[in-house]
Amino acid sequence: MEIPYLLRFRERDKVIGTPMKWFIPATVVTLILLPAWGSAYAVSFLVSTFMYVALAGSWNLFSGMTGYASLGQGLFFGIGAYAFAVSTVLLSWPPVAGIVLAALVSGIGAVFLGFVLLTTRIRVAYFAIVMLGFNEITKTVVANIKAIGSSSGLTIPPLPSNLIAYYFLLGLAVAVTAISYLIKRSQWGLGLKAILADEVAAEVTGVGTVSHKMVMFILSAILTGLTGSMIAWYWSYIDPYMAFDLGVSFDMVVMAIFGGVGTVMGPVLGAVIMSVVKEALSTSIPQFHTIIFGALVLALIMWCPGGLMQAVDVLRRRLKRDAGPVVGRVER
Amino acid sequence: MKADQNAVLEVEGLDVHFGGVQALRKLSFRVAPGKIVGVMGPNGAGKTTLFNLVTGVYRPSSGKIVFGGTQLQGLSPARICRAGIGRTFQSGRPFANLTALENVLVGLYYGADAQRPRAAHAKRRGQEILAFVGLAKLGDRPVSSLNLTERKIVELARALATRPKILLLDEPLAGLNPLDLEPAIRIVRRIRDELGITVMWIEHIMKVLMETCEHLIVLHHGEKLAEGSPADVASDAAVSDAYFGKKGAFRLE
Amino acid sequence: MDLTTFLQLLLFGIVWGGLYTLIATGLNVIYGVMKILNIAHGELMMLGAYMTFWMFTLWNVSPLIGLPLAAVAMFLFGIVIQKLLIEPLVARNLSMGEFENATLIVFFAVLLILQNVALLLWSADYRVISYAAEPVNVGPLSVAGNRLIVVFVALLVSAMMFIALQYSMLGKAIRAVSQDMTTARLMGVNVKRIGLIGFGIGSALAGIAGNLASTIYVITPTVGLLFTVKAFTVMVVGGLGSQGGTLLAGLLLGILESFASYFIGAEYKDFSGYVLLIGFIVWKSRTSSAFVSEIK
């Protein structure tokens, strides 16, 4: 396989604008130091924000970059959560083993599903729904296995400190974003863009579409599974309806597309905004905040179908009064 | 440059069906290296299907496809590309979300293993290829901003970048305006003369095929109707029967 | 298993199957004219169900009378959605991928909003309509009257839809747009208007399905998504755009669920539908070209 060769970087690509080059490390450092003076509330808010960033970014790594939108990526979140719970509660293994197991099971699950689904040129719409279907059947199956608690779920010994979740998820969020960045800059990333544009044309140009799709799918699954494992520990309880909640799958899609699908910072932006909005509105009646959230998402997508990153791009052009041609789009 | 004498494309007894319709029937032929070979036939004769089979996009129901001694049937299109078979599509399918140069870079990075440029040189090599096809100034233009002729040539450049030994061109002249025809034909000739790449092309403009090809294969209803030099084919009774008996899609200019 | 049980299960399957066919037909029409997947379709059905429930509970309006009312109301609602949300996106001239992504999000937002407005207004309490629930004897079987009504109406409406699509001018226009929008436009079909009407019809069908379902099932704000997925299953298995296929697939799903429920357990009712969906798609993507992205 050509992986080592293709990981080489190609020509420096304008993936992130220059101001971001100091802004991002500065933010990360701030976040690392924050727990020292921040409130418990801030920590818990950021834990869920990091979770959203990791989830949106993971979704984007596969679905955003190859164009195979998955409406059931939350499947791996649930798998990761349950792997951790089973290992910690039923097998009495140390938490680290649970986390590793979560990554392993998610990865293996992705290999299996990938072989079934990604070795054909399945239409994207069908792939999307099949993933949703897998999420649902896994939910049903898990809910009917007595050994792992069936529908009552499992209670997990809680975290010794929320900071474990805080730093783990921060690390994941950073890792996911960094991986997206590295991939976009590499030759492998160019191959992915080719697959996104025209899979058959990519194939006859030598791009191994199956290998590219499989690798990204497995990567996405593992990262999602890792997120699930830590969140299970953080919640210290899971049941099939929480672990395999379709809302997770949907949130991932919305955040990534809302922020700008296929870009590096898009999912981050989308996740942060969704997290802030959810938090800001949650003090009122829960249904109310979802309605407002829905309305906001609607307004944004109507205004800027390409998501936030497109809006940022448009604004940046207006500011620079760029005379160059408009960035190309994927053709119909 | 001389063509690689091992780059012989041989097709034997090729059959393919799609849902009950036999698209190709017992097709056999041989393409000698360094030649420009034309494939002609009315619409629906199976020409594009043939290209799809050779490049691995479809799998044959039976038969063999051998290139340079390697059997290609059943291999993935990417693997076949790396074996040295390049291809363009009838409708011109460059990657619309990339620039012209990036299209060529994909070909450079993912094409045949031999002579793959290192990252630092890739950009320069890409520019060279664009210059060869006459698009030197369009490297940084997004493909979506180019016109049809330019897009088809970008696609051609991309195929060249994969370092093919044989290039399969599917109606490269279709959709081009009359002024662009001559330059395009010249590029095809140069591909064979200067780069030593065997060319196999599907075209409907008979005059072009008659003038540029040394060898012609005529398909009809999925079968080989005739094969030979342009003179042979032009005087073949079966061929003229097939064409002038129907409202062909052919333009005799 | 004795004959009576078998027939009973079969009948139950047909009852639900008819309902699924109805919802799927609505989804199919919308997909046909706009080429978008309305994942909020189930929510439209939910609204139809609630409308019927409130008219019945507050003003004693029989669901049978409520049916055309729900249909009209949802038809108008569908037109509003198309006009306000979809037409502006179409006018943007986006690429196929962008348009699909954007409409996915739009419908998802609609789903969220409708579900939560319903939760807010009517709470999550289970609502039930008791209408024509007395058993009726059909041969050796004893079936609640409302179930028979549901089958009858569902199949009747599906048949009417089929006839309308085949023989009416509007139906032909809709089919033309579904098959080839560009050519239809060139032939003088007002594609924009067909889009509006198409969405309206799809929505109306969802409303009718909701009306029928409200008499034999519980009504909650979250009941929508499940039905959307079932409708999608029927669409896929039956073949996009094929009326006969949708009918067969709908009945197949209903009967499959009925028997699976009996043999494996009620919790596995929906499971069997998903297995059918996944199995079908996976099988077809390896054997048929219709399920695979195009090559030419």
# chains A, B, ... in the order shown; residues from 1 in each chain; ligands from 1
call {"tool": "residues_around", "arguments": {"residues": "B:Glu223", "least_positions_apart": "4", "cutoff": "8 Å", "atoms": "only C-alpha atoms", "output": "PyMOL selection string"}}
result
chain B and resi 24-27+45+219
call {"tool": "write_last_selection", "arguments": {"atoms": "N, CA and C atoms", "output": "JSON list (two decimals), in the first residue's frame"}}
result
[["chain", "number", "residue", "atom", "x", "y", "z"],
["B", 24, "LEU", "N", -21.33, -7.06, -24.91],
["B", 24, "LEU", "CA", -20.19, -7.41, -25.74],
["B", 24, "LEU", "C", -20.19, -8.92, -25.95],
["B", 25, "ARG", "N", -19.86, -9.32, -27.15],
["B", 25, "ARG", "CA", -19.94, -10.74, -27.45],
["B", 25, "ARG", "C", -18.65, -11.22, -28.08],
["B", 26, "LYS", "N", -17.95, -12.13, -27.40],
["B", 26, "LYS", "CA", -16.77, -12.80, -27.95],
["B", 26, "LYS", "C", -15.81, -11.83, -28.66],
["B", 27, "LEU", "N", -15.52, -10.73, -27.97],
["B", 27, "LEU", "CA", -14.67, -9.72, -28.60],
["B", 27, "LEU", "C", -13.21, -10.09, -28.44],
["B", 45, "ALA", "N", -22.85, 0.42, -29.69],
["B", 45, "ALA", "CA", -22.12, -0.74, -30.19],
["B", 45, "ALA", "C", -21.28, -1.40, -29.10],
["B", 219, "LEU", "N", -16.92, -1.88, -34.18],
["B", 219, "LEU", "CA", -17.84, -2.66, -33.35],
["B", 219, "LEU", "C", -19.27, -2.40, -33.79]]
call {"tool": "interface_residues", "arguments": {"of": "chain B", "to": "chain C", "cutoff": "12 Å", "atoms": "only C-alpha atoms", "output": "count of residues only"}}
result
23
call {"tool": "closest_residue", "arguments": {"among": "A:Met274, A:Ser151, A:Tyr126, A:Lys184", "to": "C:Thr233", "atoms": "only C-alpha atoms"}}
result
A:Tyr126
call {"tool": "interface_residues", "arguments": {"of": "chain B", "to": "chain A", "cutoff": "8 Å", "atoms": "only C-alpha atoms", "output": "JSON, numbers by chain"}}
result
{"B": [55, 57, 77, 78, 79, 80, 81, 82, 86, 87, 93, 94, 95, 96, 97, 98, 102, 106, 107, 109, 110, 111, 112, 119, 120, 123, 142, 143, 144, 145, 158, 159, 162]}
call {"tool": "write_last_selection", "arguments": {"atoms": "C-alpha atoms", "output": "PDB file, in the first residue's frame"}}
result
ATOM      1  CA  THR B  55      -9.975  -0.255 -17.145  1.00  0.00           C
ATOM      2  CA  VAL B  57     -14.770  -0.401 -14.055  1.00  0.00           C
ATOM      3  CA  PRO B  77      -9.394   0.055 -11.686  1.00  0.00           C
ATOM      4  CA  ALA B  78      -6.695   1.641  -9.556  1.00  0.00           C
ATOM      5  CA  ARG B  79      -4.481  -1.400  -9.940  1.00  0.00           C
ATOM      6  CA  ILE B  80      -5.071  -1.400 -13.685  1.00  0.00           C
ATOM      7  CA  CYS B  81      -4.185   2.266 -13.896  1.00  0.00           C
ATOM      8  CA  ARG B  82      -0.930   1.536 -12.126  1.00  0.00           C
ATOM      9  CA  GLY B  86      -4.780   5.607 -18.712  1.00  0.00           C
ATOM     10  CA  ARG B  87      -8.251   6.748 -19.615  1.00  0.00           C
ATOM     11  CA  ARG B  93     -14.571  14.233 -16.008  1.00  0.00           C
ATOM     12  CA  PRO B  94     -11.804  16.163 -14.354  1.00  0.00           C
ATOM     13  CA  PHE B  95     -12.151  16.669 -10.595  1.00  0.00           C
ATOM     14  CA  ALA B  96     -14.331  19.719 -10.366  1.00  0.00           C
ATOM     15  CA  ASN B  97     -13.362  20.598  -6.802  1.00  0.00           C
ATOM     16  CA  LEU B  98      -9.677  20.930  -7.646  1.00  0.00           C
ATOM     17  CA  GLU B 102      -4.200  19.612  -8.628  1.00  0.00           C
ATOM     18  CA  VAL B 106      -3.561  13.355  -8.437  1.00  0.00           C
ATOM     19  CA  GLY B 107      -2.418  11.534 -11.540  1.00  0.00           C
ATOM     20  CA  TYR B 109       0.842  10.813  -7.051  1.00  0.00           C
ATOM     21  CA  TYR B 110      -1.368   7.855  -7.794  1.00  0.00           C
ATOM     22  CA  GLY B 111      -0.230   6.671 -11.180  1.00  0.00           C
ATOM     23  CA  ALA B 112       2.210   3.954 -12.146  1.00  0.00           C
ATOM     24  CA  ALA B 119       6.817  15.767  -3.526  1.00  0.00           C
ATOM     25  CA  ALA B 120       9.184  18.602  -4.238  1.00  0.00           C
ATOM     26  CA  LYS B 123       4.554  20.505  -8.849  1.00  0.00           C
ATOM     27  CA  PRO B 142     -10.356  25.838 -10.516  1.00  0.00           C
ATOM     28  CA  VAL B 143     -11.683  23.374 -13.049  1.00  0.00           C
ATOM     29  CA  SER B 144     -15.207  24.631 -12.545  1.00  0.00           C
ATOM     30  CA  SER B 145     -14.186  27.936 -14.086  1.00  0.00           C
ATOM     31  CA  ARG B 158      -4.365  14.015 -15.620  1.00  0.00           C
ATOM     32  CA  ALA B 159      -4.387  10.737 -17.507  1.00  0.00           C
ATOM     33  CA  THR B 162      -0.403   8.586 -14.422  1.00  0.00           C
TER      34      THR B 162
END
call {"tool": "interface_residues", "arguments": {"of": "chain A", "to": "chain C", "cutoff": "7 Å", "atoms": "only C-alpha atoms", "output": "list of chain:residue names"}}
result
A:Leu117, A:Thr120, A:Arg121, A:Ile122, A:Arg123, A:Val130, A:Gly133, A:Ile137, A:Thr140, A:Val200, A:Val254, A:Gln287, A:Thr290, A:Ile291, A:Gly294, A:Ala295, A:Val297, A:Leu298, A:Ile301, A:Met302, A:Pro305, A:Gly306, A:Arg329, A:Val330, A:Glu331, A:Arg332
call {"tool": "write_last_selection", "arguments": {"atoms": "N, CA and C atoms", "output": "tab-separated table (two decimals), in the first residue's frame"}}
result
chain	number	residue	atom	x	y	z
A	117	LEU	N	-20.01	-2.67	3.17
A	117	LEU	CA	-20.60	-1.52	2.49
A	117	LEU	C	-19.68	-0.77	1.55
A	120	THR	N	-18.29	-1.67	-2.41
A	120	THR	CA	-19.10	-1.49	-3.61
A	120	THR	C	-19.25	0.01	-3.83
A	121	ARG	N	-19.83	0.39	-4.95
A	121	ARG	CA	-20.04	1.83	-5.16
A	121	ARG	C	-21.45	2.18	-4.73
A	122	ILE	N	-21.76	1.82	-3.49
A	122	ILE	CA	-23.12	2.05	-3.01
A	122	ILE	C	-23.48	3.52	-3.08
A	123	ARG	N	-24.69	3.82	-3.40
A	123	ARG	CA	-25.11	5.23	-3.48
A	123	ARG	C	-25.11	5.84	-2.09
A	130	VAL	N	-28.48	3.04	5.63
A	130	VAL	CA	-28.04	1.74	6.14
A	130	VAL	C	-27.31	1.92	7.46
A	133	GLY	N	-29.76	2.37	10.01
A	133	GLY	CA	-30.35	1.07	10.31
A	133	GLY	C	-29.47	0.26	11.23
A	137	ILE	N	-30.52	-1.34	14.80
A	137	ILE	CA	-30.56	-2.76	15.14
A	137	ILE	C	-29.58	-3.07	16.27
A	140	THR	N	-31.41	-2.29	19.40
A	140	THR	CA	-32.38	-3.32	19.76
A	140	THR	C	-31.69	-4.56	20.31
A	200	VAL	N	-15.43	7.26	-9.65
A	200	VAL	CA	-14.97	6.42	-10.76
A	200	VAL	C	-13.76	7.03	-11.44
A	254	VAL	N	-25.20	17.44	11.75
A	254	VAL	CA	-25.58	18.85	11.72
A	254	VAL	C	-24.39	19.74	12.04
A	287	GLN	N	-37.77	21.88	25.51
A	287	GLN	CA	-38.31	21.86	24.15
A	287	GLN	C	-38.07	23.20	23.47
A	290	THR	N	-34.61	23.50	21.99
A	290	THR	CA	-34.42	22.76	20.76
A	290	THR	C	-35.11	23.45	19.60
A	291	ILE	N	-36.27	24.02	19.86
A	291	ILE	CA	-36.99	24.72	18.79
A	291	ILE	C	-36.16	25.90	18.30
A	294	GLY	N	-33.27	24.63	16.38
A	294	GLY	CA	-33.70	24.22	15.05
A	294	GLY	C	-33.88	25.43	14.14
A	295	ALA	N	-34.51	26.46	14.69
A	295	ALA	CA	-34.76	27.66	13.88
A	295	ALA	C	-33.45	28.31	13.47
A	297	VAL	N	-30.49	26.84	13.13
A	297	VAL	CA	-29.85	26.00	12.12
A	297	VAL	C	-30.49	26.26	10.77
A	298	LEU	N	-31.82	26.30	10.78
A	298	LEU	CA	-32.57	26.54	9.55
A	298	LEU	C	-32.15	27.86	8.91
A	301	ILE	N	-28.59	27.67	7.45
A	301	ILE	CA	-28.38	26.87	6.25
A	301	ILE	C	-29.07	27.51	5.05
A	302	MET	N	-30.14	28.25	5.31
A	302	MET	CA	-30.80	28.93	4.20
A	302	MET	C	-29.93	30.08	3.71
A	305	PRO	N	-25.70	27.85	2.52
A	305	PRO	CA	-25.80	26.40	2.42
A	305	PRO	C	-24.46	25.68	2.59
A	306	GLY	N	-23.39	26.37	2.37
A	306	GLY	CA	-22.10	25.72	2.51
A	306	GLY	C	-21.60	25.70	3.94
A	329	ARG	N	-16.84	24.74	-7.03
A	329	ARG	CA	-17.68	23.83	-6.27
A	329	ARG	C	-17.69	22.49	-7.00
A	330	VAL	N	-18.14	21.50	-6.31
A	330	VAL	CA	-18.28	20.19	-6.94
A	330	VAL	C	-19.42	20.28	-7.95
A	331	GLU	N	-19.16	19.78	-9.10
A	331	GLU	CA	-20.18	19.91	-10.16
A	331	GLU	C	-21.34	18.97	-9.97
A	332	ARG	N	-22.44	19.39	-10.50
A	332	ARG	CA	-23.61	18.50	-10.48
A	332	ARG	C	-23.31	17.27	-11.34
call {"tool": "atom_distance", "arguments": {"atom1": "atom CA of B:Val8", "atom2": "atom CA of B:Leu216"}}
result
15.8 Å
call {"tool": "select_by_dssp", "arguments": {"residues": "stretch 51-213 of chain B", "states": "alpha helix (DSSP H)", "output": "PyMOL selection string"}}
result
chain B and resi 51-54+77-82+100-110+119-132+148-161+178-195+206-212
call {"tool": "residues_around", "arguments": {"residues": "stretch 80-82 of chain C", "least_positions_apart": "5", "cutoff": "8 Å", "atoms": "only C-alpha atoms", "output": "list of chain:residue names"}}
result
C:Glu87, C:Gly195, C:Leu196, C:Phe199
call {"tool": "residues_around", "arguments": {"residues": "stretch 49-58 of chain C", "least_positions_apart": "6", "cutoff": "8 Å", "atoms": "only C-alpha atoms", "output": "PyMOL selection string"}}
result
chain C and resi 66-67+70+127-129+207+209-214+219
call {"tool": "write_last_selection", "arguments": {"atoms": "C-alpha atoms", "output": "mmCIF file, in the first residue's frame"}}
result
data_model
loop_
_atom_site.group_PDB
_atom_site.id
_atom_site.type_symbol
_atom_site.label_atom_id
_atom_site.label_comp_id
_atom_site.auth_asym_id
_atom_site.auth_seq_id
_atom_site.Cartn_x
_atom_site.Cartn_y
_atom_site.Cartn_z
ATOM 1 C CA GLY C 66 -61.272 14.287 9.885
ATOM 2 C CA LEU C 67 -59.463 12.492 7.093
ATOM 3 C CA ALA C 70 -56.204 16.456 7.671
ATOM 4 C CA ARG C 127 -52.923 9.797 23.241
ATOM 5 C CA VAL C 128 -55.332 7.251 21.962
ATOM 6 C CA ILE C 129 -58.491 7.454 19.953
ATOM 7 C CA GLY C 207 -51.486 13.480 6.896
ATOM 8 C CA ALA C 209 -51.626 8.122 7.070
ATOM 9 C CA GLY C 210 -51.415 9.943 10.367
ATOM 10 C CA ASN C 211 -55.174 10.174 10.529
ATOM 11 C CA LEU C 212 -55.526 6.453 9.955
ATOM 12 C CA ALA C 213 -52.738 5.524 12.312
ATOM 13 C CA SER C 214 -54.254 7.605 15.081
ATOM 14 C CA ILE C 219 -50.052 9.195 19.250
#
call {"tool": "residues_around", "arguments": {"residues": "A:Ala271", "least_positions_apart": "2", "cutoff": "7 Å", "atoms": "only C-alpha atoms", "output": "mmCIF file with N, CA and C atoms, in the first residue's frame"}}
result
data_model
loop_
_atom_site.group_PDB
_atom_site.id
_atom_site.type_symbol
_atom_site.label_atom_id
_atom_site.label_comp_id
_atom_site.auth_asym_id
_atom_site.auth_seq_id
_atom_site.Cartn_x
_atom_site.Cartn_y
_atom_site.Cartn_z
ATOM 1 N N THR A 49 -18.453 20.412 25.258
ATOM 2 C CA THR A 49 -17.995 21.050 24.015
ATOM 3 C C THR A 49 -16.913 20.224 23.344
ATOM 4 N N TYR A 52 -18.415 17.344 21.600
ATOM 5 C CA TYR A 52 -19.021 17.711 20.324
ATOM 6 C C TYR A 52 -17.971 17.933 19.242
ATOM 7 N N VAL A 53 -16.885 18.576 19.612
ATOM 8 C CA VAL A 53 -15.832 18.822 18.624
ATOM 9 C C VAL A 53 -15.264 17.498 18.127
ATOM 10 N N ALA A 56 -18.009 15.775 15.907
ATOM 11 C CA ALA A 56 -18.191 16.417 14.605
ATOM 12 C C ALA A 56 -16.970 16.196 13.730
ATOM 13 N N MET A 255 -23.631 19.386 13.075
ATOM 14 C CA MET A 255 -22.496 20.224 13.454
ATOM 15 C C MET A 255 -21.485 20.338 12.334
ATOM 16 N N PRO A 267 -16.045 21.686 11.358
ATOM 17 C CA PRO A 267 -16.661 20.924 12.449
ATOM 18 C C PRO A 267 -16.388 21.538 13.818
ATOM 19 N N VAL A 268 -15.223 22.102 13.999
ATOM 20 C CA VAL A 268 -14.904 22.722 15.293
ATOM 21 C C VAL A 268 -15.859 23.883 15.550
ATOM 22 N N LEU A 269 -15.975 24.750 14.566
ATOM 23 C CA LEU A 269 -16.885 25.882 14.702
ATOM 24 C C LEU A 269 -18.312 25.423 14.941
ATOM 25 N N ILE A 273 -20.386 26.198 18.377
ATOM 26 C CA ILE A 273 -21.621 26.985 18.355
ATOM 27 C C ILE A 273 -22.801 26.168 18.851
ATOM 28 N N MET A 274 -22.881 24.918 18.405
ATOM 29 C CA MET A 274 -23.998 24.101 18.853
ATOM 30 C C MET A 274 -23.949 23.933 20.366
ATOM 31 N N SER A 275 -22.757 23.726 20.875
ATOM 32 C CA SER A 275 -22.608 23.537 22.305
ATOM 33 C C SER A 275 -23.036 24.782 23.066
#
call {"tool": "residues_around", "arguments": {"residues": "C:Tyr131", "least_positions_apart": "5", "cutoff": "8 Å", "atoms": "only C-alpha atoms", "output": "ChimeraX atom specification"}}
result
/C:63,146,215
call {"tool": "write_last_selection", "arguments": {"atoms": "C-alpha atoms", "output": "PDB file, in the first residue's frame"}}
result
ATOM      1  CA  PRO C  63     -61.841  10.436  12.129  1.00  0.00           C
ATOM      2  CA  ASN C 146     -61.010   0.397  12.823  1.00  0.00           C
ATOM      3  CA  THR C 215     -57.162   5.178  15.251  1.00  0.00           C
TER       4      THR C 215
END
call {"tool": "residues_around", "arguments": {"residues": "A:Phe250", "least_positions_apart": "3", "cutoff": "9 Å", "atoms": "only C-alpha atoms", "output": "PyMOL selection string"}}
result
(chain A and resi 71-74+246-247+253-255) or (chain C and resi 108)
call {"tool": "atom_distance", "arguments": {"atom1": "atom CA of B:Thr212", "atom2": "atom CA of B:Ala234"}}
result
14.1 Å
call {"tool": "atom_distance", "arguments": {"atom1": "atom CA of A:Gly171", "atom2": "atom CA of A:Trp93"}}
result
23.0 Å
call {"tool": "select_by_dssp", "arguments": {"residues": "stretch 8-203 of chain C", "states": "strand (DSSP E or B)", "output": "list of chain:residue names"}}
result
C:Arg127, C:Pro135, C:Val136, C:Asn137, C:Val138, C:Leu141, C:Ser142, C:Val143, C:Ala144
call {"tool": "closest_residue", "arguments": {"among": "C:Leu27, C:Val33, C:Ile65, C:Ile216", "to": "C:Met181", "atoms": "only C-alpha atoms"}}
result
C:Val33
